[in-house]
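For reference, work.tsv is printed below; it contains TSV, C-alpha atoms.
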chain	number	residue	atom	x	y	z
W	1	MET	CA	-22.08	-11.10	-18.73
W	2	SER	CA	-20.23	-12.31	-15.65
W	3	HIS	CA	-16.85	-14.02	-16.07
W	4	THR	CA	-14.29	-15.70	-13.82
W	5	LEU	CA	-10.77	-14.36	-13.39
W	6	LEU	CA	-7.94	-16.21	-11.64
W	7	ALA	CA	-4.73	-14.44	-10.61
W	8	PHE	CA	-1.77	-16.80	-10.17
W	9	HIS	CA	1.15	-15.53	-8.10
W	10	ALA	CA	4.39	-16.86	-6.65
W	11	HIS	CA	4.18	-15.50	-3.09
W	12	PRO	CA	1.73	-13.75	-0.79
W	13	ASP	CA	2.04	-9.98	-1.52
W	14	ASP	CA	2.90	-10.41	-5.23
W	15	GLU	CA	-0.75	-9.83	-6.12
W	16	ALA	CA	-0.69	-6.41	-4.45
W	17	LEU	CA	1.72	-4.70	-6.84
W	18	LEU	CA	0.93	-6.03	-10.32
W	19	THR	CA	-2.68	-7.25	-10.44
W	20	SER	CA	-4.61	-6.06	-7.38
W	21	GLY	CA	-6.24	-3.16	-9.19
W	22	THR	CA	-7.44	-5.43	-11.99
W	23	MET	CA	-8.73	-7.92	-9.44
W	24	ALA	CA	-10.59	-5.24	-7.49
W	25	ARG	CA	-12.07	-3.76	-10.66
W	26	ALA	CA	-13.24	-7.17	-11.88
W	27	ALA	CA	-14.86	-7.95	-8.53
W	28	ALA	CA	-16.55	-4.53	-8.39
W	29	GLU	CA	-17.94	-5.12	-11.89
W	30	GLY	CA	-19.59	-8.36	-10.77
W	31	HIS	CA	-17.07	-10.95	-11.92
W	32	ARG	CA	-15.84	-13.87	-9.83
W	33	VAL	CA	-12.21	-13.37	-8.78
W	34	LEU	CA	-9.89	-16.13	-7.53
W	35	LEU	CA	-6.35	-15.97	-6.16
W	36	VAL	CA	-3.84	-18.83	-6.25
W	37	VAL	CA	-0.33	-18.64	-4.81
W	38	ALA	CA	2.39	-21.17	-5.50
W	39	THR	CA	4.48	-20.81	-2.33
W	40	ASP	CA	4.19	-19.96	1.33
W	41	GLY	CA	6.58	-16.99	1.23
W	42	GLU	CA	8.56	-18.40	4.16
W	43	LEU	CA	11.85	-16.97	2.84
W	44	GLY	CA	10.54	-13.44	2.46
W	45	LEU	CA	12.41	-10.72	4.31
W	46	ALA	CA	10.74	-9.45	7.47
W	47	SER	CA	11.57	-8.18	10.95
W	48	GLN	CA	11.98	-10.73	13.71
W	49	ALA	CA	8.71	-9.59	15.27
W	50	TYR	CA	6.80	-10.82	12.22
W	51	ALA	CA	8.87	-13.97	11.82
W	52	GLU	CA	8.11	-15.25	15.33
W	53	GLY	CA	5.75	-18.20	15.16
W	54	GLY	CA	6.57	-18.81	11.49
W	55	LEU	CA	6.60	-16.27	8.71
W	56	ALA	CA	4.58	-18.51	6.39
W	57	ALA	CA	1.61	-18.54	8.77
W	58	ARG	CA	1.80	-14.77	9.12
W	59	ARG	CA	1.89	-14.29	5.37
W	60	ARG	CA	-1.09	-16.58	4.85
W	61	THR	CA	-3.10	-14.36	7.19
W	62	GLU	CA	-1.91	-11.27	5.34
W	63	LEU	CA	-2.92	-12.82	2.02
W	64	GLU	CA	-6.43	-13.49	3.29
W	65	ARG	CA	-6.68	-9.86	4.44
W	66	SER	CA	-5.53	-8.64	1.03
W	67	ALA	CA	-8.02	-10.92	-0.72
W	68	ARG	CA	-10.91	-9.50	1.33
W	69	ALA	CA	-9.88	-5.97	0.41
W	70	LEU	CA	-9.94	-6.89	-3.29
W	71	GLY	CA	-13.23	-8.79	-3.31
W	72	VAL	CA	-11.62	-12.18	-3.97
W	73	THR	CA	-14.04	-15.06	-3.42
W	74	ARG	CA	-11.56	-17.96	-3.23
W	75	VAL	CA	-7.90	-18.26	-2.21
W	76	GLU	CA	-5.88	-21.41	-2.87
W	77	HIS	CA	-2.28	-22.45	-2.11
W	78	LEU	CA	-0.43	-24.93	-4.33
W	79	GLY	CA	1.76	-25.82	-1.35
W	80	TYR	CA	5.28	-25.39	-2.72
W	81	ALA	CA	8.12	-24.04	-0.61
W	82	ASP	CA	9.51	-20.57	-1.29
W	83	SER	CA	12.68	-20.72	-3.41
W	84	GLY	CA	14.07	-17.45	-2.06
W	85	LEU	CA	16.05	-14.74	-3.80
W	86	GLY	CA	19.27	-16.75	-3.99
W	87	PRO	CA	21.99	-16.72	-5.08
W	88	GLU	CA	22.11	-20.25	-3.64
W	89	LEU	CA	19.00	-22.43	-3.64
W	90	LEU	CA	18.38	-23.97	-0.24
W	91	PRO	CA	17.62	-27.68	0.17
W	92	ASP	CA	13.96	-28.67	0.02
W	93	PRO	CA	12.16	-28.72	3.38
W	94	PRO	CA	11.14	-32.21	4.58
W	95	GLY	CA	8.29	-33.54	2.46
W	96	ARG	CA	8.07	-30.43	0.28
W	97	THR	CA	9.61	-29.04	-2.91
W	98	ARG	CA	10.89	-25.56	-3.55
W	99	PHE	CA	8.82	-24.13	-6.36
W	100	VAL	CA	11.70	-23.54	-8.76
W	101	ARG	CA	12.58	-27.25	-8.50
W	102	ALA	CA	9.00	-28.43	-9.04
W	103	ASP	CA	8.13	-30.35	-12.16
W	104	THR	CA	6.42	-27.81	-14.42
W	105	ASP	CA	3.79	-30.23	-15.69
W	106	GLU	CA	2.92	-31.40	-12.18
W	107	ALA	CA	2.49	-27.82	-10.92
W	108	ALA	CA	0.53	-26.91	-14.05
W	109	GLN	CA	-1.81	-29.84	-13.53
W	110	ARG	CA	-2.60	-28.61	-10.00
W	111	LEU	CA	-3.41	-25.17	-11.34
W	112	ALA	CA	-5.30	-26.55	-14.35
W	113	ALA	CA	-7.54	-28.54	-12.01
W	114	ILE	CA	-8.70	-25.26	-10.45
W	115	LEU	CA	-9.06	-23.63	-13.87
W	116	ASP	CA	-11.29	-26.52	-14.97
W	117	GLU	CA	-13.31	-26.65	-11.75
W	118	GLU	CA	-14.03	-22.93	-11.82
W	119	GLN	CA	-14.37	-22.65	-15.62
W	120	VAL	CA	-11.95	-19.73	-15.55
W	121	ASP	CA	-12.22	-17.30	-18.46
W	122	VAL	CA	-9.06	-15.26	-17.82
W	123	LEU	CA	-5.85	-16.41	-16.15
W	124	LEU	CA	-3.32	-13.82	-14.98
W	125	GLY	CA	0.31	-14.98	-14.96
W	126	TYR	CA	3.71	-13.25	-15.35
W	127	ASP	CA	5.73	-12.18	-18.37
W	128	ALA	CA	8.78	-14.13	-19.53
W	129	ASN	CA	11.12	-12.10	-17.30
W	130	GLY	CA	9.06	-12.87	-14.24
W	131	GLY	CA	8.79	-9.12	-13.76
W	132	TYR	CA	12.06	-8.22	-12.07
W	133	GLY	CA	13.55	-11.70	-12.52
W	134	HIS	CA	12.77	-13.58	-9.29
W	135	GLN	CA	13.21	-17.30	-10.00
W	136	ASP	CA	9.79	-18.16	-8.56
W	137	HIS	CA	8.18	-15.51	-10.77
W	138	GLN	CA	9.84	-16.98	-13.85
W	139	LYS	CA	8.49	-20.36	-12.79
W	140	VAL	CA	4.99	-18.86	-12.58
W	141	HIS	CA	5.37	-17.77	-16.22
W	142	HIS	CA	6.01	-21.35	-17.37
W	143	VAL	CA	3.47	-23.02	-15.09
W	144	ALA	CA	0.70	-20.58	-16.04
W	145	ARG	CA	1.30	-21.13	-19.75
W	146	ARG	CA	1.24	-24.89	-19.39
W	147	ALA	CA	-1.85	-24.84	-17.14
W	148	ALA	CA	-3.72	-22.64	-19.61
W	149	GLU	CA	-2.87	-25.14	-22.36
W	150	LEU	CA	-4.04	-28.10	-20.29
W	151	ALA	CA	-7.30	-26.43	-19.25
W	152	GLY	CA	-8.02	-24.70	-22.57
W	153	THR	CA	-8.41	-21.40	-20.73
W	154	PRO	CA	-9.84	-18.81	-23.16
W	155	ARG	CA	-7.36	-16.06	-22.27
W	156	LEU	CA	-3.96	-15.87	-20.58
W	157	LEU	CA	-2.70	-12.40	-19.71
W	158	GLU	CA	0.81	-11.98	-18.37
W	159	ALA	CA	1.22	-9.18	-15.84
W	160	THR	CA	4.03	-6.77	-16.57
W	161	VAL	CA	4.98	-3.08	-16.71
W	162	PRO	CA	6.40	-1.14	-19.66
W	163	ARG	CA	10.08	-0.75	-18.80
W	164	ASP	CA	10.27	2.93	-19.63
W	165	THR	CA	7.15	3.70	-17.57
W	166	ILE	CA	8.36	2.03	-14.39
W	167	CYS	CA	11.82	3.55	-14.75
W	168	ARG	CA	10.34	7.04	-15.06
W	169	ALA	CA	8.09	6.38	-12.06
W	170	LEU	CA	11.00	5.17	-9.94
W	171	ASP	CA	13.12	8.16	-10.93
W	172	LEU	CA	10.24	10.46	-9.98
W	173	ALA	CA	9.76	8.74	-6.63
W	174	ALA	CA	13.51	8.90	-5.93
W	175	LYS	CA	13.34	12.69	-5.99
W	176	VAL	CA	11.14	12.55	-2.90
W	177	TYR	CA	11.94	9.24	-1.21
W	178	ARG	CA	15.15	7.36	-0.49
W	179	PHE	CA	14.89	3.72	-1.49
W	180	PRO	CA	16.60	1.03	0.61
W	181	PRO	CA	20.35	0.55	-0.02
W	182	ASP	CA	19.76	-2.88	-1.56
W	183	PHE	CA	17.26	-1.49	-4.09
W	184	ASP	CA	18.82	-1.80	-7.55
W	185	ARG	CA	17.19	0.83	-9.72
W	186	HIS	CA	19.19	-0.19	-12.81
W	187	SER	CA	17.88	-3.75	-12.66
W	188	PHE	CA	14.58	-2.40	-13.97
W	189	ASP	CA	16.26	-1.34	-17.21
W	190	ARG	CA	16.25	-5.01	-18.23
W	191	ALA	CA	13.12	-6.17	-16.40
W	192	PHE	CA	9.44	-6.56	-17.32
W	193	SER	CA	8.38	-6.02	-20.96
W	194	ALA	CA	8.97	-3.67	-23.84
W	195	ARG	CA	6.15	-1.23	-24.49
W	196	ARG	CA	5.64	-2.63	-27.99
W	197	ASP	CA	4.61	-5.99	-26.48
W	198	ILE	CA	1.89	-4.58	-24.19
W	199	THR	CA	-1.62	-5.56	-25.31
W	200	HIS	CA	-3.76	-4.52	-22.32
W	201	ARG	CA	-3.66	-1.33	-20.25
W	202	ILE	CA	-6.19	-1.43	-17.44
W	203	ASN	CA	-7.30	1.76	-15.69
W	204	VAL	CA	-7.66	0.95	-11.99
W	205	ARG	CA	-7.77	4.45	-10.49
W	206	ARG	CA	-11.33	4.00	-9.28
W	207	HIS	CA	-10.09	1.01	-7.28
W	208	ILE	CA	-6.86	2.55	-6.00
W	209	ALA	CA	-8.07	2.44	-2.38
W	210	ALA	CA	-8.48	-1.34	-2.64
W	211	LYS	CA	-5.04	-1.65	-4.23
W	212	ARG	CA	-3.47	0.37	-1.45
W	213	ALA	CA	-5.32	-1.71	1.16
W	214	SER	CA	-3.96	-4.85	-0.48
W	215	MET	CA	-0.43	-3.49	-0.18
W	216	ARG	CA	-0.98	-2.46	3.44
W	217	ALA	CA	-2.26	-5.94	4.29
W	218	HIS	CA	1.23	-7.34	3.76
W	219	ALA	CA	2.74	-5.58	6.77
W	220	SER	CA	5.49	-8.16	7.23
W	221	GLN	CA	6.93	-7.29	3.83
W	222	ALA	CA	7.19	-3.63	4.80
W	223	SER	CA	9.11	-4.48	7.97
W	224	ALA	CA	12.82	-4.82	8.74
W	225	ASP	CA	15.12	-4.92	11.74
W	226	GLY	CA	17.75	-2.34	12.60
W	227	GLY	CA	15.97	0.67	11.13
W	228	ALA	CA	16.31	-0.57	7.55
W	229	ASP	CA	13.66	0.47	5.04
W	230	ARG	CA	11.78	-1.82	2.68
W	231	THR	CA	10.55	-1.04	-0.81
W	232	LEU	CA	6.91	-1.75	0.07
W	233	ALA	CA	7.10	0.59	3.04
W	234	ALA	CA	8.56	3.34	0.85
W	235	LEU	CA	5.84	2.89	-1.76
W	236	LEU	CA	3.12	3.13	0.87
W	237	ARG	CA	4.51	6.48	2.03
W	238	ILE	CA	4.01	8.02	-1.41
W	239	PRO	CA	1.23	10.68	-1.17
W	240	ARG	CA	-2.04	9.75	-2.84
W	241	PRO	CA	-1.77	12.08	-5.87
W	242	VAL	CA	1.61	10.60	-6.81
W	243	TYR	CA	0.59	7.10	-5.75
W	244	ASP	CA	-2.49	7.27	-7.97
W	245	LEU	CA	-0.33	8.35	-10.90
W	246	VAL	CA	2.20	5.55	-10.38
W	247	PHE	CA	-0.24	2.73	-9.61
W	248	GLY	CA	-3.39	3.84	-11.44
W	249	ARG	CA	-2.79	1.50	-14.39
W	250	GLU	CA	-1.87	-2.15	-14.77
W	251	TRP	CA	-0.43	-3.76	-17.88
W	252	TYR	CA	-0.54	-7.17	-19.51
W	253	VAL	CA	0.81	-9.08	-22.49
W	254	ASP	CA	-1.76	-11.38	-24.13
W	255	ALA	CA	-0.11	-14.81	-24.34
W	256	THR	CA	-3.21	-16.54	-25.71
W	257	PRO	CA	-2.03	-16.54	-29.35
W	258	HIS	CA	1.11	-18.46	-28.34
W	259	LEU	CA	-1.04	-21.10	-26.64
W	260	ARG	CA	-3.08	-21.54	-29.80
W	261	GLY	CA	-0.05	-21.80	-32.08
W	262	ARG	CA	-0.68	-18.45	-33.72
W	263	ASP	CA	1.61	-15.54	-34.41
W	264	ALA	CA	0.85	-12.79	-31.92
W	265	LYS	CA	1.59	-10.21	-34.59
W	266	SER	CA	-1.37	-11.50	-36.60
W	267	GLU	CA	-3.76	-10.67	-33.78
W	268	PRO	CA	-5.80	-7.43	-33.86
W	269	SER	CA	-3.55	-4.47	-33.04
W	270	GLY	CA	-4.28	-1.78	-30.48
W	271	ILE	CA	-4.32	-1.63	-26.71
W	272	ARG	CA	-7.31	-3.17	-24.93
W	273	HIS	CA	-8.71	-1.66	-21.77
W	274	ASP	CA	-10.75	-4.57	-20.40
W	275	VAL	CA	-9.37	-8.03	-19.63
W	276	PHE	CA	-12.71	-9.57	-20.62
W	277	ALA	CA	-13.08	-7.78	-23.97
W	278	GLY	CA	-14.03	-10.17	-26.76
W	279	LEU	CA	-15.02	-13.04	-24.49
W	280	THR	CA	-18.50	-14.51	-24.89
Output the structure of this file as structure tokens.
Amino acid sequence: MSHTLLAFHAHPDDEALLTSGTMARAAAEGHRVLLVVATDGELGLASQAYAEGGLAARRRTELERSARALGVTRVEHLGYADSGLGPELLPDPPGRTRFVRADTDEAAQRLAAILDEEQVDVLLGYDANGGYGHQDHQKVHHVARRAAELAGTPRLLEATVPRDTICRALDLAAKVYRFPPDFDRHSFDRAFSARRDITHRINVRRHIAAKRASMRAHASQASADGGADRTLAALLRIPRPVYDLVFGREWYVDATPHLRGRDAKSEPSGIRHDVFAGLT
């Protein structure tokens, strides 16, 4: 049976790292796949060459390229302004609101309208930490939960990574590659989710080429001035055997029980390997 999956992300390029393999696998298996981003990514870091003419426009084009690589059939933008990495939150642009300042219910209603229109079966959001803690990612966590409640979406899965797994992978990569000076390896010790909370582990190795193409599509986010290196650029230099090992699985926490007022611990135990398992 065919289902509809919607991946909700904060910025263009966020889909590439955490959910692109799941999206590509779902599309390849005949499901309808949608992508919604909350912000324009205007405050993302990039070299001046990519920023000329407006970084937001460039990133929109990159998002469309990534979506084609993954088999996405519809891309939507909620229209909020990028909140940036901080530490200070910039004023809102004229006529627009930075996502972190947006009213959660208002943003959730915009997303819920798409969930209702498309009769979405599975919504992909972010875990409570927002992955590595970006304020827009944490906002996605809250907006996705509220939207799923409003729309009565059958399943909400929150994208994450087991902390110990990503830390081991980063330590392995560091033996071969030098990460940028501003890359804080120790921040991952308190990011993402504990392994005990993971409910879904999705094997995406058969779709690793699509995942890598999605990452490559976001060329602006691999760029920097002055010879500096970017994390995305370093990840794309990892040889395929190691890359496949690091990125061949994607992980989720099932938040659906919380939406239904149930104790997650009362749900069936065991890791699931298909985001659509159990849906009718």
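Reported to one decimal place, the separation of CA of Gly130 (chain W) from CA of Phe8 (chain W) is 12.2 Å.
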At a cut-off of 6 Å, using all atoms listed in the file, what residues contact Ile202 (chain W)? Leave out same-chain residues fewer than 2 positions from it and give the result as a CSV table (one decimal) with C-alpha atoms, keeping the file's coordinate frame.
chain,number,residue,atom,x,y,z
W,249,ARG,CA,-2.8,1.5,-14.4
W,250,GLU,CA,-1.9,-2.2,-14.8
W,273,HIS,CA,-8.7,-1.7,-21.8
Pick from W:Leu85, W:Val72, W:Leu235, W:Ala148: nearest to Leu259 (chain W), with only C-alpha atoms counted?
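Among W:Leu85, W:Val72, W:Leu235, W:Ala148, it is W:Ala148 that comes nearest to Leu259 (chain W).
Each of W:Gly30, W:Gly133, W:Pro180, W:Gly278 was checked against Gly86 (chain W) using only C-alpha atoms; the smallest atom-to-atom distance is that of W:Gly133.
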From the list W:Pro162, W:Gly44, W:Gly21, W:Gly79, which residue is nearest Ser223 (chain W) when using all atoms listed in the file?
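The closest residue to Ser223 (chain W) is W:Gly44.
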Give the answer as one residue: which of W:Val246, W:Val120, W:Leu5, W:Val36 has the shortest atom-to-atom distance to Val204 (chain W), using all atoms listed in the file?
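With all atoms listed in the file as the atom set, the closest residue is W:Val246.
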Have a look at W:Thr231, W:Ser214, W:Asn129, W:Gln135 and name the one nearest to Phe192 (chain W); count all atoms listed in the file.
W:Asn129
Need the shell around Arg168 (chain W): protein/DNA/RNA residues with any atom at most 12 Å away, counting all atoms listed in the file. Skip same-chain ones fewer than 6 positions apart. Format as JSON, numbers by chain?
{"W": [161, 162, 174, 175, 185, 186, 188, 189, 245, 246]}
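In this model, the gap between CA of Leu78 (chain W) and CA of Val37 (chain W) comes to 6.3 Å.
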Only N, CA and C atoms, as a short mmCIF file (atom, residue, chain, number, x, y, z; two decimals), in the first residue's frame: that is what I want for region 200-225 of chain W.
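Contents of selection_25.cif, freshly written:
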data_model
loop_
_atom_site.label_atom_id
_atom_site.label_comp_id
_atom_site.auth_asym_id
_atom_site.auth_seq_id
_atom_site.Cartn_x
_atom_site.Cartn_y
_atom_site.Cartn_z
N HIS W 200 13.18 3.63 15.73
CA HIS W 200 13.28 3.24 14.32
C HIS W 200 14.72 3.40 13.84
N ARG W 201 15.22 2.35 13.21
CA ARG W 201 16.54 2.38 12.57
C ARG W 201 16.34 1.96 11.12
N ILE W 202 16.53 2.91 10.22
CA ILE W 202 16.21 2.70 8.81
C ILE W 202 17.49 2.48 8.01
N ASN W 203 17.56 1.35 7.33
CA ASN W 203 18.71 1.03 6.48
C ASN W 203 18.53 1.75 5.14
N VAL W 204 19.45 2.66 4.82
CA VAL W 204 19.33 3.43 3.59
C VAL W 204 20.53 3.22 2.66
N ARG W 205 21.29 2.15 2.87
CA ARG W 205 22.50 1.95 2.08
C ARG W 205 22.22 1.77 0.60
N ARG W 206 21.08 1.20 0.26
CA ARG W 206 20.75 1.06 -1.16
C ARG W 206 20.46 2.41 -1.81
N HIS W 207 20.27 3.43 -0.99
CA HIS W 207 19.92 4.76 -1.51
C HIS W 207 20.99 5.78 -1.14
N ILE W 208 22.20 5.28 -0.87
CA ILE W 208 23.28 6.15 -0.43
C ILE W 208 23.71 7.11 -1.53
N ALA W 209 23.59 6.71 -2.79
CA ALA W 209 23.95 7.61 -3.89
C ALA W 209 23.03 8.82 -3.91
N ALA W 210 21.73 8.60 -3.66
CA ALA W 210 20.78 9.71 -3.61
C ALA W 210 21.07 10.61 -2.42
N LYS W 211 21.42 10.01 -1.29
CA LYS W 211 21.75 10.80 -0.10
C LYS W 211 22.97 11.68 -0.37
N ARG W 212 23.97 11.10 -0.98
CA ARG W 212 25.19 11.86 -1.28
C ARG W 212 24.89 12.97 -2.30
N ALA W 213 24.03 12.69 -3.27
CA ALA W 213 23.65 13.71 -4.25
C ALA W 213 22.89 14.84 -3.57
N SER W 214 22.07 14.50 -2.59
CA SER W 214 21.36 15.53 -1.83
C SER W 214 22.33 16.44 -1.11
N MET W 215 23.36 15.85 -0.49
CA MET W 215 24.36 16.65 0.20
C MET W 215 25.13 17.52 -0.79
N ARG W 216 25.50 16.96 -1.93
CA ARG W 216 26.25 17.72 -2.94
C ARG W 216 25.43 18.88 -3.51
N ALA W 217 24.12 18.72 -3.53
CA ALA W 217 23.27 19.78 -4.09
C ALA W 217 23.42 21.09 -3.33
N HIS W 218 23.77 21.00 -2.06
CA HIS W 218 23.86 22.20 -1.22
C HIS W 218 25.29 22.74 -1.22
N ALA W 219 25.75 23.10 -2.42
CA ALA W 219 27.14 23.52 -2.59
C ALA W 219 27.48 24.76 -1.77
N SER W 220 26.53 25.65 -1.59
CA SER W 220 26.83 26.88 -0.83
C SER W 220 27.23 26.56 0.60
N GLN W 221 26.67 25.50 1.15
CA GLN W 221 26.93 25.16 2.54
C GLN W 221 28.22 24.35 2.72
N ALA W 222 28.89 24.08 1.62
CA ALA W 222 30.21 23.47 1.67
C ALA W 222 31.29 24.48 1.32
N SER W 223 30.88 25.75 1.16
CA SER W 223 31.81 26.78 0.71
C SER W 223 32.19 27.71 1.85
N ALA W 224 33.35 28.36 1.69
CA ALA W 224 33.82 29.36 2.66
C ALA W 224 34.91 30.20 2.02
N ASP W 225 35.06 31.41 2.51
CA ASP W 225 36.12 32.29 2.01
C ASP W 225 37.41 32.08 2.80
#
